[in-house]
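Structure, as structure tokens:
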Amino acid sequence: MPELPEVETVRRGLEATTCHRSIVGVEVLLERSISSPASVSAFVSGLTGTAISGWHRRGKYLFAQLGTDPKLDRLQPNEGGWLAVHLRMTGQLLWCNAEDPLPTHTRVRLWFDGDRELRFVDTRTFGRMWWVPPRVNPKAIVTALLSLGPEPFSNDFSTDYLVNTLSHRRKPIKTALLDQGILAGVGNIYADETLFLSRIHPLQLSCDLSWEDVDRLRHNLLHVLENAIAAGGTTLRDFRTVRGTNGNYGGQSWAYNREGQPCRACGTSIERMKLSGRSSYFCPTCQPIPRKA
């Protein structure tokens with residue numbers, strides 16, 4: 001599933017390609033890709049004739065701010081409504097020429113002026129789109145936003161916040177990092193990378209981490225996310241930028257997806273374990289057995 005760096009990469013690509021362009025037509029090829037409104041025709045009519053004034057990201061969600069004037073770049077919140085997208089496991093948003101061959105798993109097509117097209121391609125069909133009408137809070141429609149924790153790069157994500165949040169949780173730190181109610185946008189890849197750089201084992205109980213441990217973890221998480229965004233995210237199978245290119249972070253990963261390969265720090269073979277149904281990659285030397293586990 002695309003995580004914060006991949007979604008942020010897509011957001012930046014959409015900002016560079018679709019802003020100040022009018023949506024002149026919409027085609028929904030798979031109805032269940034639309035979560036709201038219940039009527040596909042209402043989704044189509046709600047978007048047609050609007051213009052995108054900017055893209056925003058919240059966790060792993062993308063939001064296009066809509067208006068009626070493609071030259072207007074300072075809309076009041078919700079004045080023109082919103083288009084929301086969650087890519088889930090295999091979703092892609094691809095910026096194409098209208099005459100480009102249509103990928104097999106195209107689910108929604110947005111036609112723009114200038115014979116350009118934004119295609120929502122989704123092999124596994126778990127991705128979703130929402131149209132939020134004008135003057136409606138997106139949280140009223142995309143209700144999962146109500147339970148999201150702070151953004152990693154926000155002022156709310158402080159060491160004190162993280163210490164206070166983790167100190168009451170007797171769950172492995174890897175599991176806690178994947179909890180979107182604690183922290184929005186982090187997934188399996190960057191949790192493993194952060195734990196490696198922090199020299200913390202995935203099974204270490206959250207409540208047993210010291211203030212210094214948590215401060216180091218927070219610092220390394222921001223470092224990992226910044227590097228991954230700079231590399232355009234990670235492509236394992238399905239992730240693509242809006243122009244169809246791969247993310248480049250995977251080739252420089254410290255632990256993730258490197259089972260059996262030598263640790264880049266000490267040479268010990270990277271190991272993999274299952275935790276909460278997810279694979280966790282770690283170095284048994286650099287990330288010692290948890291205290292009090």
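Labels for the structure tokens follow display order: chains A, B, ..., residues from 1 in each chain, ligands from 1.
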Selection: 10 Å around Pro152 (chain A), only C-alpha atoms, excl. self and same-chain fewer than 3 positions, as an MDAnalysis selection string: chainID A and resid 4 59 149 155:158 183:186 218 221:222 225
Export of prior selection with C-alpha atoms as a tab-separated table (two decimals), in the first residue's frame:
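Below is the file result-v9.tsv, written as the result:
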```
chain	number	residue	atom	x	y	z
A	4	LEU	CA	3.10	8.89	3.11
A	59	GLY	CA	-2.21	10.73	5.99
A	149	GLY	CA	-3.38	10.91	14.41
A	155	ASN	CA	4.04	20.60	15.28
A	156	ASP	CA	1.63	18.20	16.98
A	157	PHE	CA	4.04	15.31	16.41
A	158	SER	CA	6.46	16.14	19.19
A	183	LEU	CA	0.47	8.70	13.54
A	184	ALA	CA	-0.98	9.34	10.08
A	185	GLY	CA	0.66	8.05	6.93
A	186	VAL	CA	3.33	5.61	8.14
A	218	ARG	CA	10.93	10.41	16.06
A	221	LEU	CA	11.26	8.69	11.26
A	222	LEU	CA	11.34	12.23	9.91
A	225	LEU	CA	10.33	10.07	5.33
```
Gly233 (chain A) environment, 6 Å, only C-alpha atoms, sequence neighbours closer than 4 positions dropped, as a PyMOL selection string: chain A and resi 5-6+228-229+247+249
Filtering to N, CA and C atoms, could you give me those residues as an mmCIF file, in the first residue's frame?
```cif
data_model
loop_
_atom_site.group_PDB
_atom_site.id
_atom_site.type_symbol
_atom_site.label_atom_id
_atom_site.label_comp_id
_atom_site.auth_asym_id
_atom_site.auth_seq_id
_atom_site.Cartn_x
_atom_site.Cartn_y
_atom_site.Cartn_z
ATOM 1 N N PRO A 5 5.265 8.832 1.866
ATOM 2 C CA PRO A 5 6.145 9.337 0.800
ATOM 3 C C PRO A 5 5.596 9.115 -0.603
ATOM 4 N N GLU A 6 4.947 7.960 -0.832
ATOM 5 C CA GLU A 6 4.377 7.706 -2.154
ATOM 6 C C GLU A 6 3.201 8.642 -2.426
ATOM 7 N N ALA A 228 12.789 9.377 1.644
ATOM 8 C CA ALA A 228 11.906 8.629 0.749
ATOM 9 C C ALA A 228 11.144 9.558 -0.186
ATOM 10 N N ILE A 229 10.704 10.692 0.322
ATOM 11 C CA ILE A 229 10.025 11.671 -0.539
ATOM 12 C C ILE A 229 10.983 12.186 -1.601
ATOM 13 N N GLY A 247 9.244 4.728 -8.045
ATOM 14 C CA GLY A 247 9.945 5.370 -6.938
ATOM 15 C C GLY A 247 11.296 4.706 -6.736
ATOM 16 N N TYR A 249 13.322 4.791 -3.747
ATOM 17 C CA TYR A 249 13.850 4.592 -2.397
ATOM 18 C C TYR A 249 14.219 3.131 -2.118
#
```
Near-region 47-58 of chain A list (9 Å; only C-alpha atoms; drop same-chain fewer than 3 positions) as number ranges by chain: A: 4, 7-8, 11-12, 14-15, 18-26, 42-44, 61-75, 80-83, 110-112, 131, 145, 148, 151, 184-185
Could you write out the selected residues, including C-alpha atoms, as a JSON list (two decimals), in the first residue's frame?
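Saved as result29.json:
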```json
[["chain", "number", "residue", "atom", "x", "y", "z"],
["A", 4, "LEU", "CA", 3.10, 8.89, 3.11],
["A", 7, "VAL", "CA", 1.16, 9.67, -1.60],
["A", 8, "GLU", "CA", 3.11, 12.90, -1.16],
["A", 11, "ARG", "CA", 0.32, 14.91, -4.62],
["A", 12, "ARG", "CA", 3.27, 16.90, -5.90],
["A", 14, "LEU", "CA", -0.79, 16.23, -9.45],
["A", 15, "GLU", "CA", -0.07, 19.76, -8.26],
["A", 18, "THR", "CA", -3.64, 19.30, -13.02],
["A", 19, "CYS", "CA", -3.82, 22.61, -11.16],
["A", 20, "HIS", "CA", -5.82, 25.41, -12.80],
["A", 21, "ARG", "CA", -7.25, 22.98, -15.34],
["A", 22, "SER", "CA", -10.96, 22.36, -15.88],
["A", 23, "ILE", "CA", -12.51, 18.89, -15.65],
["A", 24, "VAL", "CA", -14.55, 18.64, -18.85],
["A", 25, "GLY", "CA", -15.78, 15.06, -18.46],
["A", 26, "VAL", "CA", -15.82, 12.04, -16.13],
["A", 42, "ALA", "CA", -24.05, 12.59, -8.95],
["A", 43, "PHE", "CA", -20.28, 11.97, -8.73],
["A", 44, "VAL", "CA", -19.92, 12.69, -12.44],
["A", 61, "TYR", "CA", -5.57, 10.44, 1.56],
["A", 62, "LEU", "CA", -5.40, 12.92, -1.32],
["A", 63, "PHE", "CA", -7.76, 15.89, -1.66],
["A", 64, "ALA", "CA", -8.22, 18.10, -4.70],
["A", 65, "GLN", "CA", -9.73, 21.48, -3.85],
["A", 66, "LEU", "CA", -12.30, 22.34, -6.52],
["A", 67, "GLY", "CA", -13.67, 25.57, -7.93],
["A", 68, "THR", "CA", -15.40, 26.86, -11.03],
["A", 69, "ASP", "CA", -12.63, 29.14, -12.29],
["A", 70, "PRO", "CA", -9.37, 27.45, -13.37],
["A", 71, "LYS", "CA", -7.46, 30.71, -12.78],
["A", 72, "LEU", "CA", -8.68, 31.10, -9.20],
["A", 73, "ASP", "CA", -6.01, 29.92, -6.76],
["A", 74, "ARG", "CA", -7.28, 31.26, -3.44],
["A", 75, "LEU", "CA", -10.58, 29.53, -2.81],
["A", 80, "GLY", "CA", -16.05, 24.46, -4.64],
["A", 81, "GLY", "CA", -16.10, 21.08, -2.94],
["A", 82, "TRP", "CA", -13.43, 18.40, -2.94],
["A", 83, "LEU", "CA", -12.35, 15.28, -4.77],
["A", 110, "LEU", "CA", -11.21, 12.44, -15.59],
["A", 111, "TRP", "CA", -10.89, 14.41, -18.83],
["A", 112, "PHE", "CA", -9.26, 17.84, -18.69],
["A", 131, "TRP", "CA", -16.90, 13.78, -4.18],
["A", 145, "LEU", "CA", -10.30, 11.28, 8.80],
["A", 148, "LEU", "CA", -6.30, 9.96, 12.19],
["A", 151, "GLU", "CA", 1.00, 14.32, 10.60],
["A", 184, "ALA", "CA", -0.98, 9.34, 10.08],
["A", 185, "GLY", "CA", 0.66, 8.05, 6.93]]
```
Residue set, region 45-266 of chain A restricted to alpha helix (DSSP H), as a ChimeraX atom specification: /A:45-47,138-141,159-166,173-177,188-198,211-230
Spatial neighbours of Leu197 (chain A), max dist 12 Å, only C-alpha atoms, sep filter under 4 positions, as a VMD selection string: chain A and resid 190 to 193 201 to 202 213 216 to 224 253 to 256 263 to 265 282 to 283 286 to 287
Could you dump the residues just selected with N, CA and C atoms as a PDB file, in the first residue's frame?
```pdb
ATOM      1  N   TYR A 190       8.328   2.134   6.008  1.00  0.00           N
ATOM      2  CA  TYR A 190       9.057   3.184   6.705  1.00  0.00           C
ATOM      3  C   TYR A 190       9.084   2.964   8.216  1.00  0.00           C
ATOM      4  N   ALA A 191       8.170   2.135   8.734  1.00  0.00           N
ATOM      5  CA  ALA A 191       8.283   1.719  10.133  1.00  0.00           C
ATOM      6  C   ALA A 191       9.525   0.848  10.313  1.00  0.00           C
ATOM      7  N   ASP A 192       9.741  -0.112   9.413  1.00  0.00           N
ATOM      8  CA  ASP A 192      10.936  -0.957   9.499  1.00  0.00           C
ATOM      9  C   ASP A 192      12.212  -0.138   9.363  1.00  0.00           C
ATOM     10  N   GLU A 193      12.222   0.783   8.425  1.00  0.00           N
ATOM     11  CA  GLU A 193      13.408   1.615   8.214  1.00  0.00           C
ATOM     12  C   GLU A 193      13.712   2.473   9.442  1.00  0.00           C
ATOM     13  N   HIS A 201      14.231  -3.052  18.263  1.00  0.00           N
ATOM     14  CA  HIS A 201      13.644  -4.280  17.734  1.00  0.00           C
ATOM     15  C   HIS A 201      12.148  -4.076  17.525  1.00  0.00           C
ATOM     16  N   PRO A 202      11.567  -4.658  16.467  1.00  0.00           N
ATOM     17  CA  PRO A 202      10.127  -4.484  16.224  1.00  0.00           C
ATOM     18  C   PRO A 202       9.235  -4.949  17.372  1.00  0.00           C
ATOM     19  N   ASP A 213      14.855   6.957  23.746  1.00  0.00           N
ATOM     20  CA  ASP A 213      14.495   6.045  22.661  1.00  0.00           C
ATOM     21  C   ASP A 213      13.475   6.680  21.722  1.00  0.00           C
ATOM     22  N   ARG A 216      14.827   9.598  19.682  1.00  0.00           N
ATOM     23  CA  ARG A 216      15.649   9.099  18.572  1.00  0.00           C
ATOM     24  C   ARG A 216      14.765   8.511  17.473  1.00  0.00           C
ATOM     25  N   LEU A 217      13.721   7.794  17.866  1.00  0.00           N
ATOM     26  CA  LEU A 217      12.803   7.198  16.895  1.00  0.00           C
ATOM     27  C   LEU A 217      12.101   8.291  16.083  1.00  0.00           C
ATOM     28  N   ARG A 218      11.616   9.325  16.766  1.00  0.00           N
ATOM     29  CA  ARG A 218      10.930  10.413  16.057  1.00  0.00           C
ATOM     30  C   ARG A 218      11.866  11.089  15.061  1.00  0.00           C
ATOM     31  N   HIS A 219      13.091  11.378  15.501  1.00  0.00           N
ATOM     32  CA  HIS A 219      14.071  12.021  14.621  1.00  0.00           C
ATOM     33  C   HIS A 219      14.345  11.163  13.392  1.00  0.00           C
ATOM     34  N   ASN A 220      14.541   9.860  13.600  1.00  0.00           N
ATOM     35  CA  ASN A 220      14.848   8.968  12.479  1.00  0.00           C
ATOM     36  C   ASN A 220      13.654   8.778  11.551  1.00  0.00           C
ATOM     37  N   LEU A 221      12.453   8.791  12.109  1.00  0.00           N
ATOM     38  CA  LEU A 221      11.259   8.689  11.264  1.00  0.00           C
ATOM     39  C   LEU A 221      11.181   9.857  10.294  1.00  0.00           C
ATOM     40  N   LEU A 222      11.379  11.060  10.783  1.00  0.00           N
ATOM     41  CA  LEU A 222      11.339  12.234   9.908  1.00  0.00           C
ATOM     42  C   LEU A 222      12.449  12.163   8.862  1.00  0.00           C
ATOM     43  N   HIS A 223      13.617  11.698   9.272  1.00  0.00           N
ATOM     44  CA  HIS A 223      14.746  11.555   8.343  1.00  0.00           C
ATOM     45  C   HIS A 223      14.410  10.563   7.231  1.00  0.00           C
ATOM     46  N   VAL A 224      13.846   9.409   7.610  1.00  0.00           N
ATOM     47  CA  VAL A 224      13.484   8.379   6.627  1.00  0.00           C
ATOM     48  C   VAL A 224      12.430   8.906   5.666  1.00  0.00           C
ATOM     49  N   SER A 253      17.146   1.063   0.772  1.00  0.00           N
ATOM     50  CA  SER A 253      16.561   0.730   2.068  1.00  0.00           C
ATOM     51  C   SER A 253      17.584   0.048   2.969  1.00  0.00           C
ATOM     52  N   TRP A 254      17.439   0.261   4.264  1.00  0.00           N
ATOM     53  CA  TRP A 254      18.334  -0.328   5.257  1.00  0.00           C
ATOM     54  C   TRP A 254      17.910  -1.753   5.598  1.00  0.00           C
ATOM     55  N   ALA A 255      16.615  -1.975   5.759  1.00  0.00           N
ATOM     56  CA  ALA A 255      16.143  -3.280   6.224  1.00  0.00           C
ATOM     57  C   ALA A 255      14.999  -3.831   5.389  1.00  0.00           C
ATOM     58  N   TYR A 256      14.059  -2.969   5.025  1.00  0.00           N
ATOM     59  CA  TYR A 256      12.829  -3.459   4.399  1.00  0.00           C
ATOM     60  C   TYR A 256      13.097  -4.248   3.120  1.00  0.00           C
ATOM     61  N   CYS A 263      23.446  -6.820   6.407  1.00  0.00           N
ATOM     62  CA  CYS A 263      23.118  -5.515   6.978  1.00  0.00           C
ATOM     63  C   CYS A 263      24.116  -4.487   6.457  1.00  0.00           C
ATOM     64  N   ARG A 264      23.623  -3.334   6.055  1.00  0.00           N
ATOM     65  CA  ARG A 264      24.498  -2.290   5.518  1.00  0.00           C
ATOM     66  C   ARG A 264      25.383  -1.679   6.609  1.00  0.00           C
ATOM     67  N   ALA A 265      25.056  -1.944   7.883  1.00  0.00           N
ATOM     68  CA  ALA A 265      25.844  -1.384   8.973  1.00  0.00           C
ATOM     69  C   ALA A 265      26.849  -2.383   9.549  1.00  0.00           C
ATOM     70  N   PHE A 282      14.463  -6.825  10.033  1.00  0.00           N
ATOM     71  CA  PHE A 282      15.322  -6.242  11.062  1.00  0.00           C
ATOM     72  C   PHE A 282      16.681  -6.929  11.056  1.00  0.00           C
ATOM     73  N   CYS A 283      17.650  -6.280  11.680  1.00  0.00           N
ATOM     74  CA  CYS A 283      18.981  -6.851  11.863  1.00  0.00           C
ATOM     75  C   CYS A 283      19.099  -7.329  13.304  1.00  0.00           C
ATOM     76  N   CYS A 286      22.084  -5.261  15.062  1.00  0.00           N
ATOM     77  CA  CYS A 286      21.871  -3.820  15.276  1.00  0.00           C
ATOM     78  C   CYS A 286      20.605  -3.531  16.095  1.00  0.00           C
ATOM     79  N   GLN A 287      19.638  -4.433  16.041  1.00  0.00           N
ATOM     80  CA  GLN A 287      18.372  -4.244  16.777  1.00  0.00           C
ATOM     81  C   GLN A 287      18.246  -5.390  17.783  1.00  0.00           C
TER      82      GLN A 287
END
```
Residue with smallest distance to Arg109 (chain A) - pool A:Ser206, A:Thr175, A:Asn164, A:Ser33, counting only C-alpha atoms: A:Ser33
Long-range neighbours of Lys274 (chain A) as a list in words, 12 Å cut-off, only C-alpha atoms, 3 positions minimum in chain: Lys174, Thr175, Asn188, Pro202, Leu203, Glu271, Gly277, Arg278, Ser279, Ser280, Tyr281 and Phe282 of chain A
Any chance you can output those residues with C-alpha atoms as a PDB file, in the first residue's frame?
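Output below, filename part.pdb:
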```pdb
ATOM      1  CA  LYS A 174       6.197  -1.799  15.181  1.00  0.00           C
ATOM      2  CA  THR A 175       2.456  -2.306  15.669  1.00  0.00           C
ATOM      3  CA  ASN A 188       5.219  -1.158   6.876  1.00  0.00           C
ATOM      4  CA  PRO A 202      10.127  -4.484  16.224  1.00  0.00           C
ATOM      5  CA  LEU A 203       8.896  -6.455  19.258  1.00  0.00           C
ATOM      6  CA  GLU A 271      15.898 -11.374   9.095  1.00  0.00           C
ATOM      7  CA  GLY A 277       0.047 -10.377   9.965  1.00  0.00           C
ATOM      8  CA  ARG A 278       2.716  -8.157   8.416  1.00  0.00           C
ATOM      9  CA  SER A 279       6.334  -8.883   7.531  1.00  0.00           C
ATOM     10  CA  SER A 280       8.916  -7.071   9.641  1.00  0.00           C
ATOM     11  CA  TYR A 281      12.540  -6.842   8.533  1.00  0.00           C
ATOM     12  CA  PHE A 282      15.322  -6.242  11.062  1.00  0.00           C
TER      13      PHE A 282
END
```
Contacts of Asp115 (chain A) within 9 Å, only C-alpha atoms, excl. fewer than 6 positions in-chain, as an MDAnalysis selection string: chainID A and resid 96:99
Surrounding residues of region 121-127 of chain A excluding itself and chain neighbours under 2 positions, 8 Å, only C-alpha atoms, as a count of residues only: 18
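CA of Arg169 (chain A) sits 23.8 Å away from CA of Arg272 (chain A).
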